[in-house]
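Listing of start39.cif, mmCIF, C-alpha atoms
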```
data_protein
#
loop_
_atom_site.label_atom_id
_atom_site.label_comp_id
_atom_site.auth_asym_id
_atom_site.auth_seq_id
_atom_site.Cartn_x
_atom_site.Cartn_y
_atom_site.Cartn_z
CA MET A 25 10.30 -1.14 -16.68
CA ILE A 26 7.13 -2.91 -17.72
CA GLY A 27 6.24 -2.24 -21.33
CA ALA A 28 2.64 -1.34 -20.58
CA GLY A 29 0.43 0.67 -22.88
CA VAL A 30 -0.90 4.00 -21.67
CA VAL A 31 -4.43 2.58 -21.38
CA ASP A 32 -3.35 -0.31 -19.13
CA ARG A 33 -0.93 1.73 -17.01
CA VAL A 34 -2.52 2.56 -13.67
CA LEU A 35 0.53 4.08 -11.96
CA HIS A 36 3.55 5.80 -13.47
CA VAL A 37 6.31 7.16 -11.24
CA GLU A 38 8.59 9.28 -13.43
CA ASN A 39 12.09 10.24 -12.25
CA VAL A 40 10.86 11.15 -8.78
CA LYS A 41 13.26 12.86 -6.40
CA VAL A 42 12.46 13.86 -2.82
CA ARG A 43 14.80 16.06 -0.81
CA PHE A 44 14.46 17.17 2.81
CA GLY A 45 16.88 20.05 3.18
CA GLY A 46 20.26 18.69 2.16
CA VAL A 47 19.17 15.06 2.39
CA THR A 48 17.99 13.21 -0.71
CA ALA A 49 15.55 10.52 0.44
CA VAL A 50 14.48 9.37 -3.05
CA ASN A 51 16.75 9.92 -6.02
CA GLY A 52 15.43 9.50 -9.56
CA VAL A 53 12.98 6.62 -9.14
CA SER A 54 10.91 5.55 -12.17
CA PHE A 55 8.60 2.58 -12.67
CA GLU A 56 5.28 1.74 -14.30
CA VAL A 57 2.53 -0.49 -12.95
CA GLU A 58 -0.02 -1.94 -15.32
CA GLU A 59 -3.49 -3.08 -14.36
CA GLY A 60 -3.40 -6.25 -12.26
CA ALA A 61 0.38 -6.18 -11.80
CA ARG A 62 2.01 -6.92 -8.45
CA TRP A 63 5.19 -5.06 -7.55
CA ALA A 64 7.49 -5.04 -4.54
CA VAL A 65 9.72 -2.15 -3.50
CA ILE A 66 12.47 -3.60 -1.34
CA GLY A 67 15.68 -2.44 0.26
CA PRO A 68 17.38 -2.11 3.64
CA ASN A 69 16.28 0.25 6.39
CA GLY A 70 16.58 3.87 5.28
CA ALA A 71 16.43 2.98 1.59
CA GLY A 72 13.62 5.48 0.92
CA LYS A 73 10.78 2.98 0.50
CA THR A 74 8.22 4.65 2.77
CA THR A 75 9.10 8.13 1.49
CA LEU A 76 8.43 6.86 -2.04
CA PHE A 77 5.04 5.50 -0.90
CA ARG A 78 4.16 8.78 0.78
CA THR A 79 4.99 10.57 -2.46
CA ILE A 80 2.79 8.25 -4.50
CA CYS A 81 -0.06 8.80 -2.02
CA GLY A 82 0.24 12.60 -1.97
CA GLU A 83 1.42 12.93 1.63
CA VAL A 84 4.75 14.28 0.33
CA TYR A 85 5.21 16.20 -2.92
CA PRO A 86 8.31 15.38 -4.96
CA THR A 87 11.11 17.88 -5.35
CA ASP A 88 11.42 16.76 -8.98
CA GLY A 89 9.63 14.29 -11.23
CA ARG A 90 6.00 13.34 -11.79
CA VAL A 91 3.42 10.89 -10.47
CA HIS A 92 0.64 9.74 -12.82
CA LEU A 93 -2.40 7.78 -11.63
CA PHE A 94 -4.78 6.23 -14.16
CA GLY A 95 -3.26 8.39 -16.88
CA ARG A 96 -3.66 11.67 -14.95
CA ASP A 97 -0.88 13.80 -13.53
CA VAL A 98 -1.47 13.83 -9.75
CA THR A 99 1.95 15.16 -8.73
CA ARG A 100 0.43 18.11 -6.85
CA LYS A 101 -2.92 16.58 -5.94
CA PRO A 102 -3.56 15.93 -2.23
CA ALA A 103 -3.92 12.48 -0.70
CA HIS A 104 -7.73 12.56 -0.43
CA SER A 105 -8.06 13.28 -4.16
CA ARG A 106 -5.93 10.26 -5.00
CA ALA A 107 -7.97 8.10 -2.62
CA GLN A 108 -11.16 9.20 -4.38
CA MET A 109 -9.59 8.20 -7.70
CA GLY A 110 -9.00 4.65 -6.45
CA LEU A 111 -5.67 4.61 -4.61
CA GLY A 112 -5.65 2.70 -1.32
CA ARG A 113 -2.86 2.13 1.20
CA THR A 114 -1.93 0.60 4.53
CA PHE A 115 0.64 1.97 6.96
CA GLN A 116 3.81 0.54 8.46
CA VAL A 117 2.64 1.60 11.94
CA THR A 118 -0.87 0.53 12.90
CA ASN A 119 -3.21 3.52 12.57
CA LEU A 120 -6.57 2.54 14.08
CA PHE A 121 -9.17 3.76 16.61
CA PRO A 122 -8.68 1.27 19.47
CA ASN A 123 -11.92 2.02 21.33
CA LEU A 124 -14.17 1.69 18.28
CA THR A 125 -15.36 -1.59 16.85
CA VAL A 126 -13.90 -3.20 13.77
CA GLU A 127 -17.06 -2.30 11.85
CA GLU A 128 -16.95 1.34 12.99
CA ASN A 129 -13.29 1.69 11.97
CA LEU A 130 -14.12 0.37 8.51
CA ALA A 131 -17.10 2.70 8.19
CA ILE A 132 -14.89 5.72 8.94
CA ALA A 133 -12.22 4.53 6.50
CA ALA A 134 -14.84 4.00 3.79
CA GLN A 135 -15.63 7.73 3.82
CA ALA A 136 -12.27 8.43 2.12
CA ARG A 137 -13.57 7.69 -1.36
CA SER A 138 -16.98 9.22 -0.76
CA LYS A 139 -17.56 12.75 -2.07
CA ARG A 140 -20.24 13.34 0.56
CA ARG A 141 -19.28 15.52 3.51
CA PHE A 142 -18.34 13.44 6.56
CA VAL A 143 -19.68 14.81 9.88
CA SER A 144 -17.54 13.42 12.69
CA TRP A 145 -20.10 14.01 15.46
CA ALA A 146 -23.04 12.41 13.69
CA PRO A 147 -23.85 8.74 14.42
CA LEU A 148 -22.48 6.25 11.91
CA ARG A 149 -25.16 4.74 9.69
CA ILE A 150 -23.83 1.41 8.50
CA ARG A 151 -26.35 0.23 5.97
CA GLY A 152 -26.99 -0.27 2.29
CA GLU A 153 -23.98 -0.05 -0.02
CA LEU A 154 -21.65 0.91 2.84
CA ALA A 155 -22.62 -2.21 4.82
CA GLU A 156 -22.03 -4.38 1.75
CA ARG A 157 -18.56 -2.94 1.19
CA ILE A 158 -17.65 -3.49 4.83
CA GLU A 159 -18.90 -7.07 4.82
CA SER A 160 -17.01 -7.85 1.61
CA ALA A 161 -13.78 -6.40 3.01
CA LEU A 162 -14.10 -8.26 6.32
CA SER A 163 -14.84 -11.51 4.53
CA ARG A 164 -11.73 -11.16 2.36
CA VAL A 165 -9.45 -10.81 5.38
CA GLY A 166 -11.21 -13.39 7.55
CA LEU A 167 -12.57 -11.00 10.20
CA SER A 168 -16.33 -11.24 9.66
CA GLU A 169 -16.85 -12.81 13.09
CA ARG A 170 -14.86 -10.01 14.76
CA ARG A 171 -16.86 -7.11 13.33
CA LEU A 172 -18.35 -6.08 16.71
CA ALA A 173 -15.10 -6.46 18.68
CA THR A 174 -13.21 -3.31 19.58
CA VAL A 175 -9.80 -2.87 17.95
CA ALA A 176 -8.20 -3.06 21.40
CA GLU A 177 -9.44 -6.66 21.65
CA LEU A 178 -7.70 -7.74 18.44
CA SER A 179 -4.30 -9.36 18.28
CA HIS A 180 -1.54 -7.53 16.43
CA GLY A 181 -1.97 -9.89 13.50
CA GLU A 182 -5.72 -9.26 13.37
CA GLN A 183 -5.07 -5.50 13.41
CA ARG A 184 -2.85 -5.92 10.34
CA GLN A 185 -5.62 -7.88 8.63
CA MET A 186 -8.06 -5.15 9.57
CA GLU A 187 -5.88 -2.43 8.05
CA ILE A 188 -5.99 -4.29 4.74
CA ALA A 189 -9.77 -4.56 5.11
CA MET A 190 -9.98 -0.80 5.67
CA ALA A 191 -8.10 -0.19 2.43
CA LEU A 192 -10.30 -2.69 0.56
CA ALA A 193 -13.50 -1.05 1.86
CA ASN A 194 -12.81 1.83 -0.53
CA ALA A 195 -12.75 -0.53 -3.52
CA PRO A 196 -9.29 0.64 -4.66
CA ARG A 197 -7.87 -0.08 -8.10
CA VAL A 198 -4.30 0.31 -6.82
CA LEU A 199 -3.33 -0.84 -3.33
CA LEU A 200 -0.09 0.15 -1.59
CA LEU A 201 0.92 -2.15 1.28
CA ASP A 202 3.58 -0.74 3.61
CA GLU A 203 5.25 -3.69 5.35
CA PRO A 204 2.00 -5.52 6.16
CA ALA A 205 3.85 -8.33 7.94
CA ALA A 206 6.07 -6.11 10.11
CA GLY A 207 6.25 -7.23 13.74
CA LEU A 208 4.17 -10.36 13.23
CA SER A 209 4.87 -13.88 14.42
CA ALA A 210 5.64 -16.60 11.89
CA ALA A 211 2.03 -17.86 12.06
CA GLU A 212 0.60 -14.34 11.65
CA ARG A 213 2.93 -13.62 8.74
CA SER A 214 1.67 -16.76 7.03
CA VAL A 215 -1.93 -15.58 7.38
CA VAL A 216 -1.16 -12.14 5.96
CA ARG A 217 0.87 -13.63 3.13
CA GLN A 218 -2.03 -15.90 2.12
CA LEU A 219 -4.46 -13.00 2.40
CA ILE A 220 -2.40 -10.94 -0.05
CA GLU A 221 -2.00 -13.87 -2.42
CA GLU A 222 -5.78 -14.28 -2.55
CA LEU A 223 -6.62 -10.64 -3.32
CA PRO A 224 -8.35 -10.17 -6.70
CA ARG A 225 -5.96 -10.34 -9.64
CA ASP A 226 -7.45 -7.22 -11.23
CA LEU A 227 -6.27 -5.22 -8.21
CA SER A 228 -2.83 -3.68 -8.82
CA ILE A 229 -0.56 -4.00 -5.78
CA VAL A 230 2.67 -2.30 -4.78
CA LEU A 231 4.20 -3.85 -1.68
CA ILE A 232 6.96 -2.53 0.58
CA GLU A 233 8.65 -5.29 2.52
CA HIS A 234 11.99 -5.34 4.34
CA ASP A 235 12.06 -9.16 4.24
CA MET A 236 13.18 -9.91 0.68
CA ASP A 237 12.18 -13.60 0.83
CA ILE A 238 8.54 -12.82 1.65
CA ALA A 239 8.30 -9.97 -0.86
CA LEU A 240 9.65 -12.00 -3.76
CA GLU A 241 7.07 -14.74 -3.21
CA LEU A 242 4.12 -12.36 -3.67
CA VAL A 243 4.93 -10.27 -6.74
CA ASP A 244 5.70 -10.30 -10.46
CA ARG A 245 8.18 -7.39 -10.54
CA VAL A 246 10.61 -5.91 -8.03
CA LEU A 247 12.25 -2.51 -7.60
CA VAL A 248 15.24 -2.34 -5.26
CA LEU A 249 16.28 0.89 -3.51
CA ASP A 250 19.45 1.65 -1.58
CA ASN A 251 19.99 5.04 0.07
CA GLY A 252 17.20 6.46 -2.06
CA ASN A 253 18.72 5.20 -5.32
CA PRO A 254 17.14 2.58 -7.61
CA ILE A 255 19.82 -0.12 -8.03
CA ALA A 256 17.88 -2.95 -9.68
CA GLU A 257 14.56 -3.86 -11.26
CA GLY A 258 13.32 -7.17 -12.59
CA THR A 259 11.50 -10.40 -11.89
CA PRO A 260 11.91 -12.05 -8.47
CA ASP A 261 14.34 -14.60 -9.94
CA GLU A 262 16.43 -11.86 -11.54
CA ILE A 263 16.54 -9.92 -8.28
CA ARG A 264 17.60 -12.96 -6.25
CA LEU A 265 20.61 -13.42 -8.55
CA ASP A 266 21.57 -9.74 -8.85
CA PRO A 267 25.01 -9.22 -7.24
CA LYS A 268 24.26 -5.57 -6.34
CA VAL A 269 21.15 -6.67 -4.42
CA GLN A 270 23.03 -9.45 -2.66
CA ASP A 271 25.73 -6.98 -1.59
CA VAL A 272 23.14 -4.58 -0.16
CA TYR A 273 21.39 -7.24 1.89
CA LEU A 274 24.64 -8.80 3.12
CA ARG A 275 25.81 -5.32 4.18
CA ASP A 276 22.56 -4.76 6.07
CA GLU A 277 22.87 -7.94 8.14
#
```
Would you mind giving the structure from this file in structure tokens?
Amino acid sequence: MIGAGVVDRVLHVENVKVRFGGVTAVNGVSFEVEEGARWAVIGPNGAGKTTLFRTICGEVYPTDGRVHLFGRDVTRKPAHSRAQMGLGRTFQVTNLFPNLTVEENLAIAAQARSKRRFVSWAPLRIRGELAERIESALSRVGLSERRLATVAELSHGEQRQMEIAMALANAPRVLLLDEPAAGLSAAERSVVRQLIEELPRDLSIVLIEHDMDIALELVDRVLVLDNGNPIAEGTPDEIRLDPKVQDVYLRDE
């Protein structure tokens, strides 16, 4: 566990357990993320990684344990409240409006951190501070020239880039990335990897990635799950050499 002070700690997951009936999906997970830190949560399929992310985001409430965000207990706060506080995320399965433009998708996503009421049938007004946030996000992911294209016209790799842009449009302080390179070609994975590497260093990142090699190249600290249980935590080099981690990944092949 990182020895972060309370002031610098932006996310604290404390002994979180999640049960669905008789099945324990996450079993006693604890870790702390300090400002600007980059973490990976790795493990084989079914390890509990996405359930843990959903718990951090407020989509699932833990059976036991606590989640603290920016020093506040958010264990029972809904997802939109956490987004307004500065928590952003992407999804393992692409979750976009295919018939809207890239710009329109970002404008809708940017409402998540706004406390103004969003009226779905009113025309989108992309101007002022909203337009600036959208342009900054598109520039960061290399999609500025595709802003007027519909999502249906984008390649799968570009859609992944766009999902990151949608999260960035809310100016998050903590960003959760759920397998951002899943299903991409080698060339597309390289683009996404570079994009993540170049995100601002004051942005705290927690990354889920099934591919251990990619994950370990992008982060400072790693948490390894297996069947919902935390089995190792450390630096990328420590995780590569951990015999328990090697056994899990050899078993999964």
### Query
Just so the selection is clear, what residues does the PyMOL selection byres ((chain A and resi 232) around 6) cover here, as a list of chain:residue names?
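This file, filtered by the PyMOL selection byres ((chain A and resi 232) around 6), leaves A:Ala64, A:Val65, A:Ile66, A:Asp202, A:Glu203, A:Leu231, A:Glu233.
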### Query
Where does the PyMOL selection byres ((chain A and resi 123) around 8) land in this file, that is, which residues does it pick, as number ranges by chain?
A: 121-122, 124-125, 174-176
### Between CA of Leu120 in chain A and CA of Ala173 in chain A, distance in Å (one decimal)
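Distance reported for this atom pair: 13.2 Å.
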### Task
Name the residues that the PyMOL selection byres ((chain A and resi 42) around 8) picks from the file above, as a PyMOL selection string, using the file's chain letters and numbers.
chain A and resi 40-41+43-44+48-51+75+85-88
### Task
Please identify all polymer residues within 12 Å of Thr74 in chain A, counting all atoms listed in the file, omitting same-chain residues fewer than 2 positions from it, and present them as an NGL selection string.
:A and (42 or 49-50 or 65-72 or 76-81 or 83-84 or 113-117 or 200-203 or 230-234 or 249 or 252)
Next, write the just-selected residues to a file, as a PDB file, in the frame of the given file, keeping C-alpha atoms as the atom set.
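selection.pdb, written as the output of this step:
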```pdb
ATOM      1  CA  VAL A  42      12.460  13.860  -2.820  1.00  0.00           C
ATOM      2  CA  ALA A  49      15.550  10.520   0.440  1.00  0.00           C
ATOM      3  CA  VAL A  50      14.480   9.370  -3.050  1.00  0.00           C
ATOM      4  CA  VAL A  65       9.720  -2.150  -3.500  1.00  0.00           C
ATOM      5  CA  ILE A  66      12.470  -3.600  -1.340  1.00  0.00           C
ATOM      6  CA  GLY A  67      15.680  -2.440   0.260  1.00  0.00           C
ATOM      7  CA  PRO A  68      17.380  -2.110   3.640  1.00  0.00           C
ATOM      8  CA  ASN A  69      16.280   0.250   6.390  1.00  0.00           C
ATOM      9  CA  GLY A  70      16.580   3.870   5.280  1.00  0.00           C
ATOM     10  CA  ALA A  71      16.430   2.980   1.590  1.00  0.00           C
ATOM     11  CA  GLY A  72      13.620   5.480   0.920  1.00  0.00           C
ATOM     12  CA  LEU A  76       8.430   6.860  -2.040  1.00  0.00           C
ATOM     13  CA  PHE A  77       5.040   5.500  -0.900  1.00  0.00           C
ATOM     14  CA  ARG A  78       4.160   8.780   0.780  1.00  0.00           C
ATOM     15  CA  THR A  79       4.990  10.570  -2.460  1.00  0.00           C
ATOM     16  CA  ILE A  80       2.790   8.250  -4.500  1.00  0.00           C
ATOM     17  CA  CYS A  81      -0.060   8.800  -2.020  1.00  0.00           C
ATOM     18  CA  GLU A  83       1.420  12.930   1.630  1.00  0.00           C
ATOM     19  CA  VAL A  84       4.750  14.280   0.330  1.00  0.00           C
ATOM     20  CA  ARG A 113      -2.860   2.130   1.200  1.00  0.00           C
ATOM     21  CA  THR A 114      -1.930   0.600   4.530  1.00  0.00           C
ATOM     22  CA  PHE A 115       0.640   1.970   6.960  1.00  0.00           C
ATOM     23  CA  GLN A 116       3.810   0.540   8.460  1.00  0.00           C
ATOM     24  CA  VAL A 117       2.640   1.600  11.940  1.00  0.00           C
ATOM     25  CA  LEU A 200      -0.090   0.150  -1.590  1.00  0.00           C
ATOM     26  CA  LEU A 201       0.920  -2.150   1.280  1.00  0.00           C
ATOM     27  CA  ASP A 202       3.580  -0.740   3.610  1.00  0.00           C
ATOM     28  CA  GLU A 203       5.250  -3.690   5.350  1.00  0.00           C
ATOM     29  CA  VAL A 230       2.670  -2.300  -4.780  1.00  0.00           C
ATOM     30  CA  LEU A 231       4.200  -3.850  -1.680  1.00  0.00           C
ATOM     31  CA  ILE A 232       6.960  -2.530   0.580  1.00  0.00           C
ATOM     32  CA  GLU A 233       8.650  -5.290   2.520  1.00  0.00           C
ATOM     33  CA  HIS A 234      11.990  -5.340   4.340  1.00  0.00           C
ATOM     34  CA  LEU A 249      16.280   0.890  -3.510  1.00  0.00           C
ATOM     35  CA  GLY A 252      17.200   6.460  -2.060  1.00  0.00           C
TER      36      GLY A 252
END
```
If I wrap all listed atoms of range 259-273 of chain A in a box with edges along x, y and z and add 5 Å on each side, what are its centre and edge lengths in Å to one decimal, as AutoDock Vina command-line options?
```
--center_x 18.6 --center_y -9.6 --center_z -5.0 --size_x 24.2 --size_y 20.0 --size_z 23.8
```
### Query
Excluding same-chain residues fewer than 3 positions from Gly166 in chain A, what lies within 12 Å of it counting all atoms listed in the file, as a VMD selection string?
chain A and resid 159 to 163 169 to 171 181 to 186 188 to 189 215 to 216 218 to 220 222
